[in-house]
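One file, entry.pdb, carrying PDB, C-alpha atoms:
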ATOM      1  CA  GLU A   1      67.090  52.521 -15.613
ATOM      2  CA  ALA A   2      65.285  55.253 -13.686
ATOM      3  CA  VAL A   3      67.171  56.561 -10.674
ATOM      4  CA  GLY A   4      65.628  55.502  -7.366
ATOM      5  CA  GLN A   5      63.578  52.607  -8.647
ATOM      6  CA  PRO A   6      64.749  49.083  -7.750
ATOM      7  CA  ALA A   7      65.080  46.937 -10.817
ATOM      8  CA  ASN A   8      62.049  44.810  -9.944
ATOM      9  CA  LEU A   9      59.720  47.814  -9.974
ATOM     10  CA  GLN A  10      60.986  48.957 -13.322
ATOM     11  CA  SER A  11      58.645  49.019 -16.271
ATOM     12  CA  SER A  12      58.696  46.056 -18.574
ATOM     13  CA  PRO A  13      60.343  46.725 -21.941
ATOM     14  CA  HIS A  14      57.363  45.185 -23.770
ATOM     15  CA  LYS A  15      55.931  47.486 -26.429
ATOM     16  CA  SER A  16      52.756  45.474 -26.979
ATOM     17  CA  PHE A  17      49.585  45.977 -24.945
ATOM     18  CA  PRO A  18      50.714  45.808 -21.288
ATOM     19  CA  MET A  19      48.998  42.800 -19.749
ATOM     20  CA  LEU A  20      49.283  41.761 -16.120
ATOM     21  CA  ASP A  21      52.615  40.143 -15.300
ATOM     22  CA  LYS A  22      52.421  36.740 -13.573
ATOM     23  CA  ARG A  23      55.605  37.370 -11.610
ATOM     24  CA  GLU A  24      54.297  40.677 -10.239
ATOM     25  CA  LEU A  25      51.032  39.012  -9.219
ATOM     26  CA  ILE A  26      52.734  36.128  -7.386
ATOM     27  CA  ALA A  27      55.303  38.383  -5.716
ATOM     28  CA  GLY A  28      52.564  40.757  -4.579
ATOM     29  CA  CYS A  29      50.571  37.858  -3.135
ATOM     30  CA  LEU A  30      53.536  36.583  -1.106
ATOM     31  CA  ALA A  31      54.408  40.091   0.060
ATOM     32  CA  GLY A  32      50.851  40.756   1.210
ATOM     33  CA  ALA A  33      50.737  37.561   3.270
ATOM     34  CA  ALA A  34      54.025  38.381   4.981
ATOM     35  CA  GLY A  35      53.002  41.941   5.752
ATOM     36  CA  GLN A  36      49.558  41.055   7.107
ATOM     37  CA  THR A  37      50.835  38.359   9.461
ATOM     38  CA  PHE A  38      53.410  40.774  10.830
ATOM     39  CA  GLY A  39      51.061  43.721  11.302
ATOM     40  CA  HIS A  40      47.646  42.290  12.206
ATOM     41  CA  PRO A  41      47.899  42.791  16.005
ATOM     42  CA  LEU A  42      48.459  46.538  15.684
ATOM     43  CA  ASP A  43      45.753  46.760  13.031
ATOM     44  CA  THR A  44      43.297  45.219  15.504
ATOM     45  CA  VAL A  45      44.250  47.813  18.136
ATOM     46  CA  LYS A  46      43.757  50.573  15.557
ATOM     47  CA  VAL A  47      40.282  49.359  14.583
ATOM     48  CA  ARG A  48      39.229  48.939  18.228
ATOM     49  CA  MET A  49      40.253  52.550  18.916
ATOM     50  CA  GLN A  50      38.559  53.873  15.783
ATOM     51  CA  THR A  51      35.240  52.211  16.554
ATOM     52  CA  HIS A  52      35.226  52.631  20.367
ATOM     53  CA  THR A  53      34.623  48.916  20.841
ATOM     54  CA  GLY A  54      34.630  47.485  24.360
ATOM     55  CA  GLY A  55      34.400  50.798  26.210
ATOM     56  CA  ILE A  56      37.798  52.053  25.083
ATOM     57  CA  ARG A  57      36.679  55.541  24.031
ATOM     58  CA  ASP A  58      39.195  57.327  26.267
ATOM     59  CA  LEU A  59      42.032  54.806  26.204
ATOM     60  CA  GLY A  60      45.354  55.243  24.419
ATOM     61  CA  ALA A  61      46.971  52.576  22.284
ATOM     62  CA  TRP A  62      48.872  50.864  25.097
ATOM     63  CA  GLN A  63      45.865  50.884  27.461
ATOM     64  CA  CYS A  64      43.673  49.542  24.667
ATOM     65  CA  ALA A  65      46.152  46.728  24.002
ATOM     66  CA  ALA A  66      46.372  45.916  27.711
ATOM     67  CA  ARG A  67      42.575  45.704  28.001
ATOM     68  CA  MET A  68      42.381  43.456  24.951
ATOM     69  CA  LEU A  69      45.050  41.201  26.441
ATOM     70  CA  SER A  70      43.238  40.949  29.779
ATOM     71  CA  GLU A  71      39.862  40.261  28.146
ATOM     72  CA  GLY A  72      40.852  37.643  25.602
ATOM     73  CA  GLY A  73      44.535  36.836  25.857
ATOM     74  CA  PRO A  74      47.053  36.977  22.988
ATOM     75  CA  ARG A  75      44.570  35.396  20.560
ATOM     76  CA  THR A  76      42.513  38.614  20.695
ATOM     77  CA  PHE A  77      45.161  40.425  18.669
ATOM     78  CA  PHE A  78      44.835  37.882  15.856
ATOM     79  CA  ARG A  79      41.044  37.789  15.809
ATOM     80  CA  GLY A  80      39.807  37.954  12.238
ATOM     81  CA  LEU A  81      43.228  37.190  10.741
ATOM     82  CA  SER A  82      42.057  34.532   8.267
ATOM     83  CA  ILE A  83      40.087  36.887   6.031
ATOM     84  CA  PRO A  84      42.609  39.776   6.030
ATOM     85  CA  LEU A  85      45.450  37.317   5.436
ATOM     86  CA  LEU A  86      43.666  36.158   2.305
ATOM     87  CA  SER A  87      42.514  39.663   1.412
ATOM     88  CA  LYS A  88      45.936  41.232   1.914
ATOM     89  CA  SER A  89      47.481  38.601  -0.309
ATOM     90  CA  VAL A  90      44.878  39.305  -2.989
ATOM     91  CA  GLU A  91      45.083  43.069  -2.396
ATOM     92  CA  GLN A  92      48.827  43.232  -2.889
ATOM     93  CA  CYS A  93      48.597  40.800  -5.800
ATOM     94  CA  ILE A  94      46.171  43.219  -7.458
ATOM     95  CA  ALA A  95      48.039  46.335  -6.328
ATOM     96  CA  PHE A  96      51.459  45.352  -7.642
ATOM     97  CA  GLY A  97      50.034  43.669 -10.729
ATOM     98  CA  VAL A  98      47.742  46.547 -11.726
ATOM     99  CA  ARG A  99      50.386  49.089 -10.792
ATOM    100  CA  GLY A 100      52.873  47.405 -13.101
ATOM    101  CA  SER A 101      50.357  47.169 -15.938
ATOM    102  CA  ALA A 102      49.279  50.810 -15.522
ATOM    103  CA  ASP A 103      52.918  51.910 -15.393
ATOM    104  CA  ARG A 104      53.647  50.115 -18.653
ATOM    105  CA  THR A 105      50.562  51.702 -20.212
ATOM    106  CA  LEU A 106      51.780  55.162 -19.226
ATOM    107  CA  GLU A 107      55.266  54.330 -20.512
ATOM    108  CA  ALA A 108      53.778  53.313 -23.862
ATOM    109  CA  ALA A 109      51.860  56.613 -23.903
ATOM    110  CA  GLY A 110      55.114  58.523 -23.584
ATOM    111  CA  TRP A 111      55.192  59.302 -19.846
ATOM    112  CA  GLN A 112      58.696  59.610 -18.458
ATOM    113  CA  PRO A 113      59.716  57.799 -15.227
ATOM    114  CA  GLY A 114      59.077  59.893 -12.142
ATOM    115  CA  ARG A 115      56.731  60.585  -9.285
ATOM    116  CA  SER A 116      53.832  61.654 -11.519
ATOM    117  CA  ARG A 117      53.861  58.347 -13.389
ATOM    118  CA  SER A 118      54.359  56.350 -10.193
ATOM    119  CA  GLY A 119      51.569  58.254  -8.444
ATOM    120  CA  LEU A 120      49.069  57.838 -11.283
ATOM    121  CA  SER A 121      49.769  54.123 -11.715
ATOM    122  CA  GLY A 122      49.470  53.728  -7.936
ATOM    123  CA  ALA A 123      46.114  55.526  -7.962
ATOM    124  CA  VAL A 124      44.803  53.101 -10.594
ATOM    125  CA  ALA A 125      45.955  50.188  -8.438
ATOM    126  CA  GLY A 126      44.332  51.665  -5.333
ATOM    127  CA  ALA A 127      40.977  52.253  -7.018
ATOM    128  CA  THR A 128      40.984  48.708  -8.406
ATOM    129  CA  THR A 129      41.663  47.110  -5.016
ATOM    130  CA  ALA A 130      38.959  49.225  -3.362
ATOM    131  CA  LEU A 131      36.309  48.222  -5.891
ATOM    132  CA  LEU A 132      37.112  44.521  -5.598
ATOM    133  CA  LEU A 133      37.803  44.131  -1.882
ATOM    134  CA  THR A 134      35.408  46.408   0.042
ATOM    135  CA  PRO A 135      33.271  43.412   1.204
ATOM    136  CA  VAL A 136      36.400  41.721   2.535
ATOM    137  CA  TYR A 137      37.377  44.866   4.443
ATOM    138  CA  LEU A 138      33.898  44.932   5.995
ATOM    139  CA  VAL A 139      34.133  41.356   7.231
ATOM    140  CA  LYS A 140      37.585  42.056   8.695
ATOM    141  CA  VAL A 141      36.307  45.061  10.638
ATOM    142  CA  GLN A 142      33.223  43.158  11.832
ATOM    143  CA  LEU A 143      35.394  40.382  13.246
ATOM    144  CA  GLN A 144      37.912  42.745  14.819
ATOM    145  CA  VAL A 145      35.317  44.729  16.767
ATOM    146  CA  SER A 146      33.090  41.814  17.826
ATOM    147  CA  ALA A 147      34.462  40.432  21.079
ATOM    148  CA  ARG A 148      31.325  38.578  22.194
ATOM    149  CA  GLU A 149      28.725  39.019  19.478
ATOM    150  CA  GLY A 150      28.563  35.436  18.259
ATOM    151  CA  LEU A 151      30.622  36.010  15.115
ATOM    152  CA  SER A 152      32.531  32.751  14.967
ATOM    153  CA  GLY A 153      34.098  33.383  11.571
ATOM    154  CA  PRO A 154      34.107  35.430   8.377
ATOM    155  CA  PHE A 155      31.189  33.630   6.741
ATOM    156  CA  VAL A 156      29.007  34.196   9.811
ATOM    157  CA  ALA A 157      29.876  37.904   9.731
ATOM    158  CA  ALA A 158      29.075  38.158   6.032
ATOM    159  CA  TYR A 159      25.804  36.210   6.442
ATOM    160  CA  ARG A 160      24.650  38.419   9.324
ATOM    161  CA  THR A 161      25.366  41.567   7.329
ATOM    162  CA  ILE A 162      23.460  40.268   4.290
ATOM    163  CA  ALA A 163      20.551  39.081   6.480
ATOM    164  CA  ASN A 164      20.254  42.454   8.226
ATOM    165  CA  VAL A 165      21.024  44.878   5.407
ATOM    166  CA  GLY A 166      21.046  42.938   2.153
ATOM    167  CA  LEU A 167      23.901  42.494  -0.307
ATOM    168  CA  SER A 168      24.436  46.250  -0.406
ATOM    169  CA  GLY A 169      25.502  46.029   3.236
ATOM    170  CA  LEU A 170      28.741  44.379   2.147
ATOM    171  CA  TYR A 171      29.650  47.690   0.509
ATOM    172  CA  ALA A 172      29.165  49.837   3.592
ATOM    173  CA  GLY A 173      31.969  52.376   3.663
ATOM    174  CA  ALA A 174      32.681  51.983  -0.045
ATOM    175  CA  THR A 175      32.874  55.729  -0.731
ATOM    176  CA  PRO A 176      35.615  56.616   1.804
ATOM    177  CA  ILE A 177      37.455  53.396   0.936
ATOM    178  CA  LEU A 178      37.500  54.195  -2.778
ATOM    179  CA  ILE A 179      38.624  57.795  -2.258
ATOM    180  CA  GLY A 180      41.102  56.950   0.475
ATOM    181  CA  THR A 181      42.701  53.946  -1.210
ATOM    182  CA  THR A 182      43.106  55.833  -4.479
ATOM    183  CA  ILE A 183      44.858  58.689  -2.660
ATOM    184  CA  GLY A 184      46.834  56.349  -0.422
ATOM    185  CA  TYR A 185      48.237  54.123  -3.148
ATOM    186  CA  SER A 186      49.142  57.124  -5.257
ATOM    187  CA  CYS A 187      51.217  58.441  -2.351
ATOM    188  CA  ARG A 188      52.553  54.972  -1.599
ATOM    189  CA  PHE A 189      54.307  54.301  -4.882
ATOM    190  CA  ALA A 190      55.352  57.895  -5.534
ATOM    191  CA  CYS A 191      56.880  58.180  -2.046
ATOM    192  CA  TYR A 192      58.531  54.776  -2.345
ATOM    193  CA  ASP A 193      60.377  55.738  -5.510
ATOM    194  CA  LYS A 194      61.479  59.083  -4.052
ATOM    195  CA  ALA A 195      62.514  57.619  -0.694
ATOM    196  CA  VAL A 196      64.597  54.902  -2.376
ATOM    197  CA  GLU A 197      66.260  57.541  -4.531
ATOM    198  CA  ILE A 198      67.154  59.637  -1.465
ATOM    199  CA  VAL A 199      68.430  56.693   0.594
ATOM    200  CA  LYS A 200      70.556  55.410  -2.277
ATOM    201  CA  GLY A 201      71.940  58.915  -2.656
ATOM    202  CA  TYR A 202      73.540  58.438   0.765
ATOM    203  CA  GLY A 203      75.272  55.273  -0.427
ATOM    204  CA  ALA A 204      72.843  52.677   0.932
ATOM    205  CA  GLY A 205      72.507  49.310  -0.755
ATOM    206  CA  ASP A 206      69.383  47.910  -2.412
ATOM    207  CA  THR A 207      68.157  46.034   0.686
ATOM    208  CA  THR A 208      68.517  48.994   3.034
ATOM    209  CA  ALA A 209      66.923  51.330   0.489
ATOM    210  CA  THR A 210      63.990  48.932   0.014
ATOM    211  CA  ILE A 211      63.385  48.571   3.765
ATOM    212  CA  LEU A 212      63.574  52.305   4.499
ATOM    213  CA  GLY A 213      61.738  53.272   1.320
ATOM    214  CA  GLY A 214      58.958  50.780   1.980
ATOM    215  CA  GLY A 215      58.575  51.896   5.592
ATOM    216  CA  VAL A 216      58.410  55.582   4.704
ATOM    217  CA  ALA A 217      55.981  54.857   1.865
ATOM    218  CA  GLY A 218      53.709  52.962   4.241
ATOM    219  CA  MET A 219      53.595  55.807   6.743
ATOM    220  CA  ALA A 220      52.923  58.323   3.961
ATOM    221  CA  THR A 221      50.126  56.111   2.641
ATOM    222  CA  TRP A 222      48.229  56.104   5.925
ATOM    223  CA  ALA A 223      48.951  59.712   6.811
ATOM    224  CA  SER A 224      47.519  60.802   3.441
ATOM    225  CA  HIS A 225      44.050  59.354   4.000
ATOM    226  CA  TYR A 226      43.696  58.320   7.654
ATOM    227  CA  PRO A 227      40.467  60.265   8.394
ATOM    228  CA  LEU A 228      38.796  58.513   5.456
ATOM    229  CA  ASP A 229      39.925  55.142   6.814
ATOM    230  CA  LEU A 230      38.482  56.017  10.211
ATOM    231  CA  LEU A 231      35.129  56.927   8.675
ATOM    232  CA  SER A 232      35.015  53.730   6.623
ATOM    233  CA  ALA A 233      35.814  51.646   9.723
ATOM    234  CA  ARG A 234      32.951  53.266  11.648
ATOM    235  CA  MET A 235      30.565  52.706   8.741
ATOM    236  CA  GLN A 236      31.559  49.057   8.432
ATOM    237  CA  ALA A 237      31.468  48.379  12.173
ATOM    238  CA  ARG A 238      27.890  49.701  12.406
ATOM    239  CA  PRO A 239      26.240  49.336   8.979
ATOM    240  CA  LEU A 240      22.754  49.574  10.552
ATOM    241  CA  GLN A 241      23.364  52.849  12.400
ATOM    242  CA  VAL A 242      20.845  55.597  11.616
ATOM    243  CA  ASP A 243      20.672  59.333  12.256
ATOM    244  CA  GLY A 244      18.083  61.261  14.270
ATOM    245  CA  GLN A 245      15.555  61.043  11.435
ATOM    246  CA  GLY A 246      15.910  57.282  11.096
ATOM    247  CA  ALA A 247      17.923  57.476   7.866
ATOM    248  CA  LYS A 248      21.023  55.377   7.332
ATOM    249  CA  LEU A 249      24.075  57.241   8.578
ATOM    250  CA  THR A 250      26.232  58.289   5.610
ATOM    251  CA  MET A 251      29.916  59.184   5.429
ATOM    252  CA  LEU A 252      29.076  62.835   6.103
ATOM    253  CA  GLY A 253      26.828  61.772   8.968
ATOM    254  CA  HIS A 254      29.675  59.848  10.565
ATOM    255  CA  LEU A 255      31.969  62.821   9.972
ATOM    256  CA  ARG A 256      29.569  65.156  11.808
ATOM    257  CA  GLU A 257      29.253  62.619  14.617
ATOM    258  CA  VAL A 258      33.033  62.359  15.065
ATOM    259  CA  LEU A 259      33.456  66.139  15.028
ATOM    260  CA  ARG A 260      30.629  66.560  17.542
ATOM    261  CA  GLU A 261      32.073  63.934  19.891
ATOM    262  CA  ALA A 262      35.779  64.763  19.752
ATOM    263  CA  GLY A 263      36.422  67.655  17.380
ATOM    264  CA  PRO A 264      38.981  67.462  14.535
ATOM    265  CA  ARG A 265      41.319  65.393  16.734
ATOM    266  CA  GLY A 266      38.748  62.613  16.658
ATOM    267  CA  LEU A 267      39.473  62.052  12.955
ATOM    268  CA  PHE A 268      42.986  60.954  13.862
ATOM    269  CA  ARG A 269      42.106  58.622  16.720
ATOM    270  CA  GLY A 270      44.234  55.479  16.465
ATOM    271  CA  LEU A 271      46.778  57.118  14.139
ATOM    272  CA  GLY A 272      49.649  56.283  16.494
ATOM    273  CA  PRO A 273      49.369  52.473  16.327
ATOM    274  CA  CYS A 274      48.529  52.778  12.636
ATOM    275  CA  LEU A 275      51.804  54.573  11.815
ATOM    276  CA  LEU A 276      53.711  52.362  14.243
ATOM    277  CA  ARG A 277      52.431  49.387  12.272
ATOM    278  CA  ALA A 278      52.790  50.992   8.833
ATOM    279  CA  PHE A 279      56.578  51.317   8.780
ATOM    280  CA  PRO A 280      57.590  47.708   9.561
ATOM    281  CA  VAL A 281      54.656  46.154   7.695
ATOM    282  CA  ASN A 282      55.372  48.007   4.470
ATOM    283  CA  ALA A 283      59.091  47.450   4.864
ATOM    284  CA  VAL A 284      58.280  43.717   5.034
ATOM    285  CA  ILE A 285      55.900  43.975   2.059
ATOM    286  CA  PHE A 286      58.314  45.771  -0.271
ATOM    287  CA  LEU A 287      61.293  43.659   0.803
ATOM    288  CA  SER A 288      59.266  40.456   0.327
ATOM    289  CA  TYR A 289      58.104  41.702  -3.063
ATOM    290  CA  GLU A 290      61.616  42.506  -4.249
ATOM    291  CA  MET A 291      62.950  39.174  -2.977
ATOM    292  CA  SER A 292      60.069  37.275  -4.627
ATOM    293  CA  MET A 293      60.654  39.077  -7.907
ATOM    294  CA  GLY A 294      64.222  37.821  -7.738
ATOM    295  CA  LEU A 295      63.054  34.212  -7.730
ATOM    296  CA  LYS A 296      62.660  32.175 -10.896
ATOM    297  CA  ILE A 297      58.861  31.901 -10.870
TER     298      ILE A 297
END
structure tokens encoding of this file:
Amino acid sequence: EAVGQPANLQSSPHKSFPMLDKRELIAGCLAGAAGQTFGHPLDTVKVRMQTHTGGIRDLGAWQCAARMLSEGGPRTFFRGLSIPLLSKSVEQCIAFGVRGSADRTLEAAGWQPGRSRSGLSGAVAGATTALLLTPVYLVKVQLQVSAREGLSGPFVAAYRTIANVGLSGLYAGATPILIGTTIGYSCRFACYDKAVEIVKGYGAGDTTATILGGGVAGMATWASHYPLDLLSARMQARPLQVDGQGAKLTMLGHLREVLREAGPRGLFRGLGPCLLRAFPVNAVIFLSYEMSMGLKI
């Protein structure tokens, strides 16, 4: 058994073609639901800060949260939860399932356990989730930033986007999402394995190592690609935005706009609540995953 990897994230001993494992898929689904419910309020604050919704351009995280509370009450923090709750469940189902399958493929190809194998299998999982779930991410962002725009639910948000932009509008922000999620999930699983190894080296038990390893992995995930996430959020919040020549604003156009408005620091706006959310949410996700894998499913 590889040092630093909890038993449930170990590669399957199967030597045949590595198919998706039902237990990994179910455990990932349950873990995603638990993590999303726990972290959605801070995610909403992060998106509001990234997209400057509601006149909060110059507000910090706590001031932004206070304004949201005064404008809409506690329910504001859970606006748009239904779609991300479903999407996070599916996302983590795909992520853990594809990660496990990719890891077994690399094992069959002769790769030894370690950060390189974990990182590459994580990258495959990240790219897969990005390709499948970009429209869901768009609907989530649309609902989070629309306080009074008549978006009563996810289907209304999706319909309005399709009516205004066409089906391609559902893939606004796809480029930064694909790049960022591939990088982020590579860091996520590689850092998780290393963090667990380090924590266990100090004599910690499996539960403590999973919680700390998951939290650190979550923070590393977001830190590794946060500017790309910010750009994708801006693109998805305003899919109809155009530049001075009337052309649709691209990822590079949004990048120039952010740098012009706030300089390099603008690319990290909202990072505080994002990292504050990342540690406990990913600790919950990995702990829920490990516990679910321990069940007789």
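Using only C-alpha atoms, the residues found no farther than 12 Å from Leu276 in chain A, other than those of its own chain fewer than 6 positions away, are Gly39, His40, Pro41, Leu42, Asp43, Val45, Lys46, Ala61, Trp62, Gly215, Val216, Gly218, Met219, Ala220, Trp222, Ala223, Gly270, Asn282 and Ala283 of chain A.
Nearest to Val98 in chain A of all the residues A:Met19, A:Gln144, A:Ser70, A:Arg117 is A:Met19, based on all atoms listed in the file.
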What separation in Å, quoted to one decimal, exists between CA of Gly266 in chain A and CA of Gln63 in chain A?
17.5 Å
Expected residue set, 9 Å radius at (45.9, 42.5, -5.0), all atoms listed in the file, as a PyMOL selection string:
chain A and resi 25+28-29+32+87-98+125+128-129+133
Could you please give me, as a ChimeraX atom specification, the residues of protein, DNA or RNA lying at most 10 Å from (37.3, 54.7, -0.6) in the coordinate frame of the file, considering only C-alpha atoms?
/A:126-127,129-131,134,173-184,225,228-229,231-232
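From CA of Cys187 in chain A back to CA of Ser224 in chain A, the distance works out to 7.3 Å.
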Could you write out as number ranges by chain the residues that the PyMOL selection byres ((chain A and resi 154) around 9) matches in the shown file?
A: 80, 82-83, 136, 139-140, 142-143, 151-153, 155-159
Preceding selection exported with C-alpha atoms as a PDB file, in the coordinates of the input:
ATOM      1  CA  GLY A  80      39.807  37.954  12.238  1.00  0.00           C
ATOM      2  CA  SER A  82      42.057  34.532   8.267  1.00  0.00           C
ATOM      3  CA  ILE A  83      40.087  36.887   6.031  1.00  0.00           C
ATOM      4  CA  VAL A 136      36.400  41.721   2.535  1.00  0.00           C
ATOM      5  CA  VAL A 139      34.133  41.356   7.231  1.00  0.00           C
ATOM      6  CA  LYS A 140      37.585  42.056   8.695  1.00  0.00           C
ATOM      7  CA  GLN A 142      33.223  43.158  11.832  1.00  0.00           C
ATOM      8  CA  LEU A 143      35.394  40.382  13.246  1.00  0.00           C
ATOM      9  CA  LEU A 151      30.622  36.010  15.115  1.00  0.00           C
ATOM     10  CA  SER A 152      32.531  32.751  14.967  1.00  0.00           C
ATOM     11  CA  GLY A 153      34.098  33.383  11.571  1.00  0.00           C
ATOM     12  CA  PHE A 155      31.189  33.630   6.741  1.00  0.00           C
ATOM     13  CA  VAL A 156      29.007  34.196   9.811  1.00  0.00           C
ATOM     14  CA  ALA A 157      29.876  37.904   9.731  1.00  0.00           C
ATOM     15  CA  ALA A 158      29.075  38.158   6.032  1.00  0.00           C
ATOM     16  CA  TYR A 159      25.804  36.210   6.442  1.00  0.00           C
TER      17      TYR A 159
END
Contact residues around Gly169 in chain A with all atoms listed in the file at 10 Å, ignoring same-chain residues under 2 positions, as a compact mmCIF listing (two decimals) with C-alpha atoms, in the coordinates of the input:
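What landed in out28.txt:
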# COMPACT_ATOMS: atom_id res chain seq x y z
CA PRO A 135 33.27 43.41 1.20
CA LEU A 138 33.90 44.93 6.00
CA ALA A 158 29.08 38.16 6.03
CA ARG A 160 24.65 38.42 9.32
CA THR A 161 25.37 41.57 7.33
CA ILE A 162 23.46 40.27 4.29
CA ALA A 163 20.55 39.08 6.48
CA ASN A 164 20.25 42.45 8.23
CA VAL A 165 21.02 44.88 5.41
CA GLY A 166 21.05 42.94 2.15
CA LEU A 167 23.90 42.49 -0.31
CA TYR A 171 29.65 47.69 0.51
CA ALA A 172 29.16 49.84 3.59
CA GLY A 173 31.97 52.38 3.66
CA ALA A 174 32.68 51.98 -0.04
CA GLN A 236 31.56 49.06 8.43
CA PRO A 239 26.24 49.34 8.98
CA LEU A 240 22.75 49.57 10.55
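What separates CA of Ile211 in chain A from CA of Phe279 in chain A is a distance of 8.9 Å.
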Give as a PyMOL selection string the residues that the PyMOL selection byres ((chain A and resi 190-204) around 9) matches when applied to the coordinates above.
chain A and resi 3-6+114-120+122+185-189+205-218+220-221
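Once the PyMOL selection byres ((chain A and resi 255) around 12) is applied to the shown structure, the selection contains Pro176, Pro227, Leu228, Asp229, Leu230, Leu231, Ser232, Ala233, Arg234, Met235, Leu249, Thr250, Met251, Leu252, Gly253, His254, Arg256, Glu257, Val258, Leu259, Arg260, Glu261, Ala262, Gly263, Pro264, Arg265, Gly266, Leu267 and Phe268 of chain A.
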For those residues, write C-alpha atoms to a file as a tab-separated table (two decimals), keeping the file's coordinate frame.
chain	number	residue	atom	x	y	z
A	176	PRO	CA	35.62	56.62	1.80
A	227	PRO	CA	40.47	60.26	8.39
A	228	LEU	CA	38.80	58.51	5.46
A	229	ASP	CA	39.92	55.14	6.81
A	230	LEU	CA	38.48	56.02	10.21
A	231	LEU	CA	35.13	56.93	8.68
A	232	SER	CA	35.02	53.73	6.62
A	233	ALA	CA	35.81	51.65	9.72
A	234	ARG	CA	32.95	53.27	11.65
A	235	MET	CA	30.56	52.71	8.74
A	249	LEU	CA	24.08	57.24	8.58
A	250	THR	CA	26.23	58.29	5.61
A	251	MET	CA	29.92	59.18	5.43
A	252	LEU	CA	29.08	62.84	6.10
A	253	GLY	CA	26.83	61.77	8.97
A	254	HIS	CA	29.68	59.85	10.56
A	256	ARG	CA	29.57	65.16	11.81
A	257	GLU	CA	29.25	62.62	14.62
A	258	VAL	CA	33.03	62.36	15.06
A	259	LEU	CA	33.46	66.14	15.03
A	260	ARG	CA	30.63	66.56	17.54
A	261	GLU	CA	32.07	63.93	19.89
A	262	ALA	CA	35.78	64.76	19.75
A	263	GLY	CA	36.42	67.66	17.38
A	264	PRO	CA	38.98	67.46	14.54
A	265	ARG	CA	41.32	65.39	16.73
A	266	GLY	CA	38.75	62.61	16.66
A	267	LEU	CA	39.47	62.05	12.96
A	268	PHE	CA	42.99	60.95	13.86
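Comparing A:Ser121, A:Gln36, A:Ser168, A:Thr51 by their smallest distance to Val284 in chain A, the closest is A:Gln36 (using all atoms listed in the file).
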